[in-house]
file upload29.cif (mmCIF, C-alpha atoms)
data_upload
loop_
_atom_site.group_PDB
_atom_site.id
_atom_site.type_symbol
_atom_site.label_atom_id
_atom_site.label_comp_id
_atom_site.auth_asym_id
_atom_site.auth_seq_id
_atom_site.Cartn_x
_atom_site.Cartn_y
_atom_site.Cartn_z
ATOM 1 C CA MET A 460 87.179 60.977 75.222
ATOM 2 C CA MET A 461 89.656 62.420 77.689
ATOM 3 C CA ASN A 462 90.121 66.054 76.732
ATOM 4 C CA SER A 463 92.246 68.576 78.605
ATOM 5 C CA ILE A 464 89.352 69.997 80.661
ATOM 6 C CA ASN A 465 88.435 66.571 82.076
ATOM 7 C CA LEU A 466 92.098 65.810 82.810
ATOM 8 C CA SER A 467 92.603 69.090 84.660
ATOM 9 C CA ALA A 468 89.339 68.523 86.594
ATOM 10 C CA ILE A 469 90.669 65.180 87.833
ATOM 11 C CA PHE A 470 93.965 66.818 88.870
ATOM 12 C CA ILE A 471 92.118 69.623 90.689
ATOM 13 C CA LEU A 472 90.122 67.051 92.692
ATOM 14 C CA ILE A 473 93.359 65.241 93.664
ATOM 15 C CA ILE A 474 94.917 68.592 94.672
ATOM 16 C CA LEU A 475 91.871 69.298 96.866
ATOM 17 C CA LEU A 476 92.324 65.887 98.520
ATOM 18 C CA PHE A 477 96.047 66.492 99.143
ATOM 19 C CA SER A 478 95.377 69.961 100.545
ATOM 20 C CA ILE A 479 92.810 68.620 103.035
ATOM 21 C CA LEU A 480 95.273 65.883 104.032
ATOM 22 C CA ALA A 481 98.060 68.474 104.477
ATOM 23 C CA ILE A 482 95.868 70.516 106.826
ATOM 24 C CA GLU A 483 94.392 67.610 108.777
ATOM 25 C CA SER A 484 97.420 65.304 109.281
ATOM 26 C CA LYS A 485 98.918 65.356 112.791
ATOM 27 C CA ASN A 486 102.527 64.687 111.723
ATOM 28 C CA ILE A 487 104.258 67.825 110.395
ATOM 29 C CA LEU A 488 106.604 65.908 108.048
ATOM 30 C CA LYS A 489 103.630 64.127 106.411
ATOM 31 C CA SER A 490 101.916 67.490 106.018
ATOM 32 C CA ILE A 491 104.992 68.920 104.229
ATOM 33 C CA VAL A 492 105.065 65.943 101.838
ATOM 34 C CA PHE A 493 101.360 66.331 101.015
ATOM 35 C CA LEU A 494 101.919 70.031 100.307
ATOM 36 C CA SER A 495 104.762 69.142 97.927
ATOM 37 C CA ALA A 496 102.555 66.595 96.121
ATOM 38 C CA ALA A 497 99.803 69.186 95.685
ATOM 39 C CA SER A 498 102.402 71.600 94.300
ATOM 40 C CA ILE A 499 103.717 69.160 91.686
ATOM 41 C CA LEU A 500 100.151 68.403 90.507
ATOM 42 C CA THR A 501 99.570 72.165 90.185
ATOM 43 C CA ALA A 502 102.628 72.262 87.907
ATOM 44 C CA LEU A 503 101.059 69.491 85.774
ATOM 45 C CA ILE A 504 97.858 71.536 85.479
ATOM 46 C CA PHE A 505 99.893 74.542 84.320
ATOM 47 C CA VAL A 506 101.458 72.357 81.619
ATOM 48 C CA ILE A 507 97.988 71.230 80.462
ATOM 49 C CA TRP A 508 96.844 74.853 80.351
ATOM 50 C CA LYS A 509 99.873 75.739 78.154
ATOM 51 C CA ALA A 510 101.778 77.919 80.626
ATOM 52 C CA PRO A 511 105.172 76.129 80.782
ATOM 53 C CA ASP A 512 106.994 79.114 82.332
ATOM 54 C CA VAL A 513 104.698 79.163 85.359
ATOM 55 C CA ALA A 514 104.827 75.358 85.557
ATOM 56 C CA MET A 515 108.628 75.477 85.734
ATOM 57 C CA THR A 516 108.541 78.043 88.543
ATOM 58 C CA GLU A 517 105.949 76.006 90.439
ATOM 59 C CA ALA A 518 107.940 72.755 90.086
ATOM 60 C CA ALA A 519 111.315 74.300 91.005
ATOM 61 C CA ILE A 520 110.256 76.619 93.844
ATOM 62 C CA GLY A 521 106.960 75.155 95.113
ATOM 63 C CA ALA A 522 107.791 71.467 94.955
ATOM 64 C CA GLY A 523 111.591 71.541 95.175
ATOM 65 C CA LEU A 524 113.162 74.286 97.249
ATOM 66 C CA THR A 525 110.287 75.237 99.589
ATOM 67 C CA THR A 526 109.751 71.616 100.689
ATOM 68 C CA PHE A 527 113.383 71.263 101.703
ATOM 69 C CA LEU A 528 113.371 74.623 103.484
ATOM 70 C CA PHE A 529 110.318 73.443 105.481
ATOM 71 C CA VAL A 530 112.081 70.165 106.322
ATOM 72 C CA LEU A 531 115.242 72.027 107.426
ATOM 73 C CA THR A 532 113.152 74.355 109.615
ATOM 74 C CA TYR A 533 111.515 71.261 111.169
ATOM 75 C CA PHE A 534 114.966 69.787 111.972
ATOM 76 C CA LYS A 535 116.153 73.123 113.423
ATOM 77 C CA ILE A 536 113.083 73.486 115.681
ATOM 78 C CA ASN A 537 113.633 69.931 116.969
ATOM 79 C CA THR A 538 117.283 70.659 117.862
ATOM 80 C CA ILE A 539 116.256 73.889 119.669
ATOM 81 C CA LYS A 540 113.626 71.909 121.617
ATOM 82 C CA LYS A 541 116.259 69.321 122.657
ATOM 83 C CA GLU A 542 118.655 72.047 123.870
ATOM 84 C CA ASN A 543 116.059 73.672 126.135
ATOM 85 C CA MET B 62 126.982 117.881 102.210
ATOM 86 C CA ARG B 63 125.415 114.467 102.712
ATOM 87 C CA LYS B 64 121.949 115.944 102.236
ATOM 88 C CA PHE B 65 122.976 117.378 98.874
ATOM 89 C CA GLY B 66 124.232 113.966 97.781
ATOM 90 C CA ALA B 67 120.921 112.378 98.764
ATOM 91 C CA LEU B 68 119.036 115.088 96.890
ATOM 92 C CA ILE B 69 121.088 114.472 93.737
ATOM 93 C CA ILE B 70 120.461 110.702 93.940
ATOM 94 C CA ILE B 71 116.706 111.236 94.429
ATOM 95 C CA LEU B 72 116.551 113.641 91.474
ATOM 96 C CA ALA B 73 118.444 111.145 89.284
ATOM 97 C CA LEU B 74 116.017 108.363 90.304
ATOM 98 C CA LEU B 75 113.035 110.599 89.550
ATOM 99 C CA TYR B 76 114.539 111.328 86.135
ATOM 100 C CA PHE B 77 114.954 107.592 85.430
ATOM 101 C CA LEU B 78 111.391 106.856 86.509
ATOM 102 C CA GLY B 79 109.713 109.818 84.885
ATOM 103 C CA SER B 80 111.645 110.098 81.633
ATOM 104 C CA GLY B 81 109.392 107.577 79.878
ATOM 105 C CA LEU B 82 106.173 109.243 81.010
ATOM 106 C CA ILE B 83 106.705 112.908 80.163
ATOM 107 C CA THR B 84 106.505 113.248 76.382
ATOM 108 C CA ASP B 85 107.610 116.900 76.323
ATOM 109 C CA LEU B 86 111.024 116.103 77.828
ATOM 110 C CA LYS B 87 113.238 116.375 74.749
ATOM 111 C CA ILE B 88 116.596 115.188 76.110
ATOM 112 C CA ASN B 89 118.339 112.778 73.753
ATOM 113 C CA ARG B 90 115.091 111.131 72.734
ATOM 114 C CA LYS B 91 115.050 108.880 69.687
ATOM 115 C CA ASN B 92 112.098 106.593 70.469
ATOM 116 C CA ASN B 93 108.477 107.013 71.424
ATOM 117 C CA LEU B 94 107.230 104.736 74.197
ATOM 118 C CA SER B 95 103.609 105.744 73.770
ATOM 119 C CA GLN B 96 103.524 104.122 70.326
ATOM 120 C CA LYS B 97 105.184 100.862 71.402
ATOM 121 C CA THR B 98 102.329 98.531 72.228
ATOM 122 C CA ALA B 99 103.416 95.047 71.108
ATOM 123 C CA ARG B 100 100.462 94.710 68.758
ATOM 124 C CA ALA B 101 101.651 91.382 67.403
ATOM 125 C CA TYR B 102 101.433 89.792 70.843
ATOM 126 C CA ILE B 103 98.084 91.373 71.675
ATOM 127 C CA ASN B 104 96.448 90.237 68.411
ATOM 128 C CA ARG B 105 97.888 86.733 68.605
ATOM 129 C CA ASN B 106 95.238 83.999 68.342
ATOM 130 C CA VAL B 107 95.795 80.713 70.175
ATOM 131 C CA LYS B 108 92.848 78.803 68.687
ATOM 132 C CA ASN B 109 93.674 79.412 65.024
ATOM 133 C CA PRO B 110 97.412 79.728 64.423
ATOM 134 C CA GLU B 111 97.025 80.511 60.717
ATOM 135 C CA ILE B 112 95.351 83.826 61.507
ATOM 136 C CA ASN B 113 97.229 87.081 60.987
ATOM 137 C CA ASN B 114 100.016 88.581 63.098
ATOM 138 C CA GLN B 115 101.585 85.249 64.081
ATOM 139 C CA GLN B 116 105.248 85.670 65.045
ATOM 140 C CA LEU B 117 107.489 83.303 63.093
ATOM 141 C CA HIS B 118 111.035 82.045 63.495
ATOM 142 C CA GLY B 119 113.578 83.551 61.161
ATOM 143 C CA LYS B 120 111.828 86.900 60.883
ATOM 144 C CA THR B 121 113.736 90.139 61.232
ATOM 145 C CA ASN B 122 112.719 93.775 61.774
ATOM 146 C CA ASN B 123 110.316 92.938 64.568
ATOM 147 C CA GLU B 124 109.627 95.237 67.496
ATOM 148 C CA ASN B 125 110.984 92.491 69.730
ATOM 149 C CA THR B 126 112.714 89.322 68.488
ATOM 150 C CA ALA B 127 112.520 87.155 71.610
ATOM 151 C CA ALA B 128 110.877 83.899 70.496
ATOM 152 C CA ASN B 129 109.412 83.323 73.967
ATOM 153 C CA SER B 130 106.731 85.979 74.309
ATOM 154 C CA VAL B 131 106.652 85.689 78.124
ATOM 155 C CA THR B 132 110.329 86.686 78.248
ATOM 156 C CA ALA B 133 109.649 89.520 75.827
ATOM 157 C CA VAL B 134 107.104 90.926 78.279
ATOM 158 C CA ILE B 135 109.132 90.272 81.457
ATOM 159 C CA VAL B 136 112.551 91.512 80.329
ATOM 160 C CA ASP B 137 111.753 94.067 77.603
ATOM 161 C CA TYR B 138 108.329 95.685 77.978
ATOM 162 C CA ARG B 139 108.141 95.389 81.784
ATOM 163 C CA SER B 140 111.833 95.240 82.741
ATOM 164 C CA MET B 141 111.357 97.962 85.358
ATOM 165 C CA ASP B 142 108.951 95.598 87.197
ATOM 166 C CA THR B 143 111.575 92.839 87.006
ATOM 167 C CA LEU B 144 114.078 95.199 88.647
ATOM 168 C CA GLY B 145 111.574 95.696 91.468
ATOM 169 C CA GLU B 146 111.035 91.931 91.726
ATOM 170 C CA ILE B 147 114.772 91.401 92.122
ATOM 171 C CA THR B 148 114.855 94.087 94.828
ATOM 172 C CA VAL B 149 112.064 92.265 96.694
ATOM 173 C CA LEU B 150 114.056 88.993 96.545
ATOM 174 C CA PHE B 151 117.177 90.824 97.781
ATOM 175 C CA LEU B 152 115.230 92.254 100.742
ATOM 176 C CA ALA B 153 113.864 88.777 101.554
ATOM 177 C CA VAL B 154 117.418 87.373 101.612
ATOM 178 C CA THR B 155 118.490 90.258 103.872
ATOM 179 C CA GLY B 156 115.680 89.351 106.271
ATOM 180 C CA VAL B 157 116.718 85.678 106.317
ATOM 181 C CA LEU B 158 120.358 86.637 107.013
ATOM 182 C CA ALA B 159 119.280 88.986 109.830
ATOM 183 C CA LEU B 160 117.188 86.247 111.471
ATOM 184 C CA LEU B 161 119.426 83.200 111.001
ATOM 185 C CA GLY B 162 122.928 84.638 110.712
ATOM 186 C CA SER B 163 124.850 84.006 113.911
ATOM 187 C CA SER B 164 128.571 83.733 114.535
ATOM 188 C CA LYS B 165 128.605 80.179 115.902
ATOM 189 C CA ASN B 166 128.643 77.167 113.621
ATOM 190 C CA ASN B 167 125.545 75.059 114.358
ATOM 191 C CA ARG B 168 125.288 73.166 111.103
ATOM 192 C CA ILE B 169 122.738 70.382 110.804
ATOM 193 C CA LYS B 170 124.898 67.250 110.747
ATOM 194 C CA LEU B 171 123.511 64.130 109.147
ATOM 195 C CA GLU B 172 124.726 61.121 111.135
ATOM 196 C CA LYS B 173 125.493 59.020 108.077
ATOM 197 C CA PRO B 174 124.851 60.505 104.611
ATOM 198 C CA ASN B 175 123.104 58.168 102.207
ATOM 199 C CA TYR B 176 125.718 56.157 100.290
ATOM 200 C CA ILE B 177 123.885 56.291 96.954
ATOM 201 C CA LEU B 178 123.360 60.062 97.285
ATOM 202 C CA LYS B 179 126.996 60.562 98.274
ATOM 203 C CA ILE B 180 128.354 58.795 95.158
ATOM 204 C CA SER B 181 125.776 59.961 92.620
ATOM 205 C CA SER B 182 125.796 63.605 93.730
ATOM 206 C CA LYS B 183 129.332 63.993 92.369
ATOM 207 C CA PHE B 184 128.060 63.040 88.890
ATOM 208 C CA LEU B 185 124.703 64.806 89.187
ATOM 209 C CA PHE B 186 125.975 68.166 90.488
ATOM 210 C CA PRO B 187 127.640 69.355 87.217
ATOM 211 C CA LEU B 188 124.677 68.086 85.174
ATOM 212 C CA ILE B 189 122.066 69.924 87.274
ATOM 213 C CA PHE B 190 124.280 73.023 87.303
ATOM 214 C CA LEU B 191 124.553 72.892 83.492
ATOM 215 C CA PHE B 192 120.784 72.413 83.170
ATOM 216 C CA GLY B 193 120.122 75.490 85.312
ATOM 217 C CA PHE B 194 122.522 77.545 83.210
ATOM 218 C CA TYR B 195 120.882 76.220 80.015
ATOM 219 C CA ILE B 196 117.456 77.322 81.316
ATOM 220 C CA PHE B 197 118.517 80.896 81.894
ATOM 221 C CA ILE B 198 120.784 81.286 78.868
ATOM 222 C CA HIS B 199 117.970 80.046 76.573
ATOM 223 C CA GLY B 200 115.352 82.107 78.427
ATOM 224 C CA HIS B 201 114.462 84.115 75.330
ATOM 225 C CA LEU B 202 114.014 81.007 73.141
ATOM 226 C CA THR B 203 112.405 78.288 75.294
ATOM 227 C CA PRO B 204 110.156 78.366 78.387
ATOM 228 C CA GLY B 205 112.067 79.279 81.504
ATOM 229 C CA GLY B 206 114.362 82.087 82.505
ATOM 230 C CA GLY B 207 116.458 83.637 85.225
ATOM 231 C CA PHE B 208 114.261 82.844 88.208
ATOM 232 C CA GLN B 209 113.636 79.197 87.286
ATOM 233 C CA GLY B 210 117.257 78.504 86.298
ATOM 234 C CA GLY B 211 118.578 80.179 89.447
ATOM 235 C CA THR B 212 116.309 78.012 91.581
ATOM 236 C CA ILE B 213 117.570 74.865 89.848
ATOM 237 C CA VAL B 214 121.213 75.883 90.547
ATOM 238 C CA ALA B 215 120.310 76.505 94.202
ATOM 239 C CA ALA B 216 118.661 73.057 94.320
ATOM 240 C CA ALA B 217 121.963 71.527 93.124
ATOM 241 C CA VAL B 218 123.781 73.298 95.994
ATOM 242 C CA LEU B 219 121.126 71.982 98.414
ATOM 243 C CA MET B 220 121.709 68.420 97.152
ATOM 244 C CA MET B 221 125.462 68.773 97.792
ATOM 245 C CA TYR B 222 124.753 69.978 101.346
ATOM 246 C CA PHE B 223 122.599 66.886 101.966
ATOM 247 C CA ALA B 224 125.142 64.532 100.381
ATOM 248 C CA SER B 225 128.177 65.334 102.507
ATOM 249 C CA ASN B 226 128.911 66.927 105.870
ATOM 250 C CA ASN B 227 132.112 68.604 104.616
ATOM 251 C CA TYR B 228 130.687 70.490 101.623
ATOM 252 C CA ARG B 229 130.553 74.274 101.981
ATOM 253 C CA VAL B 230 129.904 77.250 99.698
ATOM 254 C CA ASN B 231 132.365 80.142 99.598
ATOM 255 C CA THR B 232 130.476 83.166 100.931
ATOM 256 C CA THR B 233 132.839 85.754 99.437
ATOM 257 C CA ASP B 234 132.331 84.399 95.907
ATOM 258 C CA ILE B 235 128.549 84.524 96.350
ATOM 259 C CA LYS B 236 128.645 88.115 97.599
ATOM 260 C CA ILE B 237 130.858 89.283 94.707
ATOM 261 C CA LEU B 238 128.721 87.438 92.090
ATOM 262 C CA GLU B 239 125.469 88.800 93.478
ATOM 263 C CA SER B 240 126.641 92.412 93.772
ATOM 264 C CA LEU B 241 128.300 92.445 90.340
ATOM 265 C CA SER B 242 125.276 91.021 88.529
ATOM 266 C CA GLY B 243 122.898 93.431 90.279
ATOM 267 C CA LEU B 244 125.153 96.379 89.451
ATOM 268 C CA SER B 245 125.506 95.325 85.792
ATOM 269 C CA PHE B 246 121.708 95.246 85.432
ATOM 270 C CA ILE B 247 121.500 98.908 86.524
ATOM 271 C CA ILE B 248 124.481 99.863 84.320
ATOM 272 C CA ILE B 249 122.844 98.295 81.244
ATOM 273 C CA GLY B 250 119.686 100.244 82.069
ATOM 274 C CA ILE B 251 121.635 103.515 82.270
ATOM 275 C CA PHE B 252 123.337 102.712 78.929
ATOM 276 C CA GLY B 253 119.843 102.440 77.434
ATOM 277 C CA LEU B 254 118.999 105.809 78.956
ATOM 278 C CA PHE B 255 121.989 107.511 77.365
ATOM 279 C CA ILE B 256 121.850 105.804 73.945
ATOM 280 C CA LEU B 257 118.100 105.716 73.220
ATOM 281 C CA GLY B 258 116.638 108.016 75.853
ATOM 282 C CA ASP B 259 114.761 105.642 78.183
ATOM 283 C CA PHE B 260 115.808 103.554 81.167
ATOM 284 C CA LEU B 261 116.365 99.860 80.228
ATOM 285 C CA GLN B 262 115.755 100.407 76.504
ATOM 286 C CA ASN B 263 116.876 97.636 74.142
ATOM 287 C CA PHE B 264 119.848 99.356 72.491
ATOM 288 C CA LEU B 265 121.642 96.389 70.861
ATOM 289 C CA ASN B 266 121.005 94.864 67.440
ATOM 290 C CA LYS B 267 117.836 92.761 67.597
ATOM 291 C CA GLY B 268 118.951 90.085 65.136
ATOM 292 C CA ILE B 269 116.906 87.192 63.726
ATOM 293 C CA MET B 270 114.105 85.657 65.766
ATOM 294 C CA GLY B 271 114.875 82.178 67.069
ATOM 295 C CA GLU B 272 118.668 82.427 67.156
ATOM 296 C CA LEU B 273 120.769 82.340 70.318
ATOM 297 C CA PHE B 274 122.338 85.758 69.734
ATOM 298 C CA SER B 275 119.166 87.729 69.173
ATOM 299 C CA ALA B 276 116.767 90.054 70.976
ATOM 300 C CA GLY B 277 119.452 92.558 71.982
ATOM 301 C CA ILE B 278 119.908 93.001 75.727
ATOM 302 C CA VAL B 279 117.203 90.461 76.711
ATOM 303 C CA PRO B 280 119.503 87.381 77.040
ATOM 304 C CA ILE B 281 122.210 89.460 78.790
ATOM 305 C CA ILE B 282 119.754 90.714 81.406
ATOM 306 C CA TYR B 283 118.272 87.240 81.894
ATOM 307 C CA ILE B 284 121.750 85.754 82.435
ATOM 308 C CA LEU B 285 122.469 88.463 85.047
ATOM 309 C CA ILE B 286 119.119 87.776 86.763
ATOM 310 C CA GLY B 287 119.886 84.038 86.767
ATOM 311 C CA LEU B 288 123.308 84.569 88.369
ATOM 312 C CA LYS B 289 121.844 86.901 90.990
ATOM 313 C CA VAL B 290 118.940 84.613 91.890
ATOM 314 C CA SER B 291 121.175 81.524 92.081
ATOM 315 C CA ALA B 292 123.631 83.342 94.387
ATOM 316 C CA GLU B 293 120.863 84.623 96.652
ATOM 317 C CA LEU B 294 119.035 81.302 96.925
ATOM 318 C CA SER B 295 122.305 79.425 97.538
ATOM 319 C CA ASN B 296 122.954 81.868 100.381
ATOM 320 C CA ILE B 297 119.480 81.109 101.825
ATOM 321 C CA VAL B 298 120.196 77.353 101.640
ATOM 322 C CA LYS B 299 123.557 77.879 103.356
ATOM 323 C CA GLU B 300 122.007 79.916 106.169
ATOM 324 C CA PHE B 301 119.231 77.350 106.679
ATOM 325 C CA MET B 302 121.834 74.586 107.044
ATOM 326 C CA GLY B 303 123.504 76.733 109.736
ATOM 327 C CA ASP B 304 126.901 76.684 108.025
ATOM 328 C CA LYS B 305 129.486 79.303 108.892
#
call {"tool": "encode", "arguments": {"input": "upload29.cif", "output": "structure tokens"}}
result
Amino acid sequence: MMNSINLSAIFILIILLFSILAIESKNILKSIVFLSAASILTALIFVIWKAPDVAMTEAAIGAGLTTFLFVLTYFKINTIKKEN
Amino acid sequence: MRKFGALIIILALLYFLGSGLITDLKINRKNNLSQKTARAYINRNVKNPEINNQQLHGKTNNENTAANSVTAVIVDYRSMDTLGEITVLFLAVTGVLALLGSSKNNRIKLEKPNYILKISSKFLFPLIFLFGFYIFIHGHLTPGGGFQGGTIVAAAVLMMYFASNNYRVNTTDIKILESLSGLSFIIIGIFGLFILGDFLQNFLNKGIMGELFSAGIVPIIYILIGLKVSAELSNIVKEFMGDK
């Protein structure tokens, strides 16, 4: 039977995989996307562990806003590089 | 003269901070913080809900009537910590403005905004905005609250920035909203000090647990926090896009 501990163990293993990919990938944009995926799976784990408030914060800030701020910083650094 | 003013402000702050700790200070005191321990929440059992001390909807005369116990801790028992948290966020926004704020307009221009995003954002923006407001107005009933709802509102603003090159947020409105909501938080705290004797005390009628108008000042403070956080994060988004 699939109880909540087994389910969260599977999610933790996938998060570990995404984190290693985020560190090891050469492309910065891919790394940002992997970080966002790890964040949304963390939110799912918080839901399984019955902490919906923390899950909401993680999904809104970790997966939503921070990802786009990273992407915008990436664009800005590229434009500064082109100007110099 | 200026030094005397600073001294008075520091003494007032020390009074706010220390008034709950010193039990011998008998100035307009009607409540006793040392006996307020939220026993119902501490003795709550997750594994067996039929066990004693379970908080139920529709009950009155509780110590705290917020149905969401996380909100009860964040905004009532530890509201001083929430004030500090808001100050930290304000300082972070100040740092972002100091680093990124320049006078010239170097906005990131998308060459051709996505057509589907451009059309659907006009319908989605009010819905996401409403959802964010719902999250922080119902913060004392359902999971969520000021910080989460404010982030969702800021995400809606971010979507509008990505959808069109002409969209811009009015900076003056944001500044007024942010300052007013921060000031009202402090003013509500001082009202609690003068009515019940402690800073940020819950001085309104607590009502029935599970209703929208319940839990006294908790929903008011969470709405103010939501407005403040949404204004600050929208300002961060605006500065990151380089809009002037």
call {"tool": "residues_around", "arguments": {"input": "upload29.cif", "residues": "Ile469 in chain A", "least_positions_apart": "5", "cutoff": "12 Å", "atoms": "only C-alpha atoms", "output": "compact mmCIF listing (two decimals) with C-alpha atoms, in the frame of the given file"}}
result
# COMPACT_ATOMS: atom_id res chain seq x y z
CA MET A 461 89.66 62.42 77.69
CA ASN A 462 90.12 66.05 76.73
CA SER A 463 92.25 68.58 78.60
CA ILE A 464 89.35 70.00 80.66
CA ILE A 474 94.92 68.59 94.67
CA LEU A 475 91.87 69.30 96.87
CA LEU A 476 92.32 65.89 98.52
CA LEU A 500 100.15 68.40 90.51
CA THR A 501 99.57 72.17 90.18
CA LEU A 503 101.06 69.49 85.77
CA ILE A 504 97.86 71.54 85.48
call {"tool": "resolve_selection", "arguments": {"input": "upload29.cif", "expression": "the PyMOL selection byres ((chain B and resi 157-163) around 8)", "output": "PyMOL selection string"}}
result
chain B and resi 153-156+164-166+297+300-301+303
call {"tool": "residues_around", "arguments": {"input": "upload29.cif", "residues": "Ala224 in chain B", "least_positions_apart": "3", "cutoff": "6 Å", "atoms": "all atoms listed in the file", "output": "PyMOL selection string"}}
result
chain B and resi 174+178-179+221
call {"tool": "resolve_selection", "arguments": {"input": "upload29.cif", "expression": "the PyMOL selection byres ((chain B) within 7 of (chain A))", "output": "list in words"}}
result
Pro204, Gly205, Gln209, Thr212, Ile213, Ala216 and Phe301 of chain B
call {"tool": "atom_distance", "arguments": {"input": "upload29.cif", "atom1": "CA of Met220 in chain B", "atom2": "CA of Ile536 in chain A"}}
result
21.1 Å
call {"tool": "atom_distance", "arguments": {"input": "upload29.cif", "atom1": "CA of Glu124 in chain B", "atom2": "CA of Asn266 in chain B"}}
result
11.4 Å
call {"tool": "closest_residue", "arguments": {"input": "upload29.cif", "among": "A:Leu488, A:Ala497, A:Ile507, A:Ala502", "to": "Ser467 in chain A", "atoms": "only C-alpha atoms"}}
result
A:Ile507
call {"tool": "atom_distance", "arguments": {"input": "upload29.cif", "atom1": "CA of Gly145 in chain B", "atom2": "CA of Ile196 in chain B"}}
result
21.8 Å
call {"tool": "resolve_selection", "arguments": {"input": "upload29.cif", "expression": "the PyMOL selection byres ((chain A and resi 487) around 12)", "output": "list in words"}}
result
Leu480, Ala481, Ile482, Glu483, Ser484, Lys485, Asn486, Leu488, Lys489, Ser490, Ile491, Val492, Phe493, Leu494, Thr526, Phe529, Val530, Thr532, Tyr533, Phe534, Ile536 and Asn537 of chain A
call {"tool": "residues_around", "arguments": {"input": "upload29.cif", "residues": "Gly211 in chain B", "least_positions_apart": "3", "cutoff": "9 Å", "atoms": "all atoms listed in the file", "output": "JSON list (two decimals) with C-alpha atoms, in the frame of the given file"}}
result
[["chain", "number", "residue", "atom", "x", "y", "z"],
["B", 193, "GLY", "CA", 120.12, 75.49, 85.31],
["B", 194, "PHE", "CA", 122.52, 77.54, 83.21],
["B", 196, "ILE", "CA", 117.46, 77.32, 81.32],
["B", 197, "PHE", "CA", 118.52, 80.90, 81.89],
["B", 206, "GLY", "CA", 114.36, 82.09, 82.50],
["B", 207, "GLY", "CA", 116.46, 83.64, 85.22],
["B", 208, "PHE", "CA", 114.26, 82.84, 88.21],
["B", 214, "VAL", "CA", 121.21, 75.88, 90.55],
["B", 215, "ALA", "CA", 120.31, 76.50, 94.20],
["B", 216, "ALA", "CA", 118.66, 73.06, 94.32],
["B", 286, "ILE", "CA", 119.12, 87.78, 86.76],
["B", 287, "GLY", "CA", 119.89, 84.04, 86.77],
["B", 288, "LEU", "CA", 123.31, 84.57, 88.37],
["B", 289, "LYS", "CA", 121.84, 86.90, 90.99],
["B", 290, "VAL", "CA", 118.94, 84.61, 91.89],
["B", 291, "SER", "CA", 121.18, 81.52, 92.08],
["B", 292, "ALA", "CA", 123.63, 83.34, 94.39],
["B", 293, "GLU", "CA", 120.86, 84.62, 96.65],
["B", 294, "LEU", "CA", 119.04, 81.30, 96.92],
["B", 295, "SER", "CA", 122.30, 79.42, 97.54]]
call {"tool": "closest_residue", "arguments": {"input": "upload29.cif", "among": "B:Leu261, B:Ile189, B:Leu285, B:Leu152", "to": "Ser242 in chain B", "atoms": "all atoms listed in the file"}}
result
B:Leu285
call {"tool": "build_atoms", "arguments": {"input": "upload29.cif", "residues": "range 184-196 of chain B", "atoms": "N, CA and C atoms", "output": "PDB file, keeping the file's coordinate frame"}}
result
ATOM      1  N   PHE B 184     128.342  63.042  90.333  1.00  0.00           N
ATOM      2  CA  PHE B 184     128.060  63.040  88.890  1.00  0.00           C
ATOM      3  C   PHE B 184     126.895  63.968  88.562  1.00  0.00           C
ATOM      4  N   LEU B 185     125.916  64.042  89.492  1.00  0.00           N
ATOM      5  CA  LEU B 185     124.703  64.806  89.187  1.00  0.00           C
ATOM      6  C   LEU B 185     124.911  66.297  89.317  1.00  0.00           C
ATOM      7  N   PHE B 186     125.833  66.722  90.220  1.00  0.00           N
ATOM      8  CA  PHE B 186     125.975  68.166  90.488  1.00  0.00           C
ATOM      9  C   PHE B 186     126.330  68.971  89.237  1.00  0.00           C
ATOM     10  N   PRO B 187     127.373  68.562  88.424  1.00  0.00           N
ATOM     11  CA  PRO B 187     127.640  69.355  87.217  1.00  0.00           C
ATOM     12  C   PRO B 187     126.502  69.322  86.213  1.00  0.00           C
ATOM     13  N   LEU B 188     125.773  68.176  86.148  1.00  0.00           N
ATOM     14  CA  LEU B 188     124.677  68.086  85.174  1.00  0.00           C
ATOM     15  C   LEU B 188     123.533  69.023  85.553  1.00  0.00           C
ATOM     16  N   ILE B 189     123.166  69.047  86.850  1.00  0.00           N
ATOM     17  CA  ILE B 189     122.066  69.924  87.274  1.00  0.00           C
ATOM     18  C   ILE B 189     122.480  71.389  87.130  1.00  0.00           C
ATOM     19  N   PHE B 190     123.746  71.667  87.447  1.00  0.00           N
ATOM     20  CA  PHE B 190     124.280  73.023  87.303  1.00  0.00           C
ATOM     21  C   PHE B 190     124.172  73.486  85.846  1.00  0.00           C
ATOM     22  N   LEU B 191     124.600  72.581  84.922  1.00  0.00           N
ATOM     23  CA  LEU B 191     124.553  72.892  83.492  1.00  0.00           C
ATOM     24  C   LEU B 191     123.125  73.108  83.030  1.00  0.00           C
ATOM     25  N   PHE B 192     122.188  72.285  83.557  1.00  0.00           N
ATOM     26  CA  PHE B 192     120.784  72.413  83.170  1.00  0.00           C
ATOM     27  C   PHE B 192     120.222  73.759  83.617  1.00  0.00           C
ATOM     28  N   GLY B 193     120.576  74.182  84.841  1.00  0.00           N
ATOM     29  CA  GLY B 193     120.122  75.490  85.312  1.00  0.00           C
ATOM     30  C   GLY B 193     120.646  76.609  84.440  1.00  0.00           C
ATOM     31  N   PHE B 194     121.950  76.511  84.075  1.00  0.00           N
ATOM     32  CA  PHE B 194     122.522  77.545  83.210  1.00  0.00           C
ATOM     33  C   PHE B 194     121.860  77.523  81.835  1.00  0.00           C
ATOM     34  N   TYR B 195     121.565  76.321  81.311  1.00  0.00           N
ATOM     35  CA  TYR B 195     120.882  76.220  80.015  1.00  0.00           C
ATOM     36  C   TYR B 195     119.532  76.922  80.074  1.00  0.00           C
ATOM     37  N   ILE B 196     118.799  76.716  81.201  1.00  0.00           N
ATOM     38  CA  ILE B 196     117.456  77.322  81.316  1.00  0.00           C
ATOM     39  C   ILE B 196     117.564  78.827  81.242  1.00  0.00           C
TER      40      ILE B 196
END
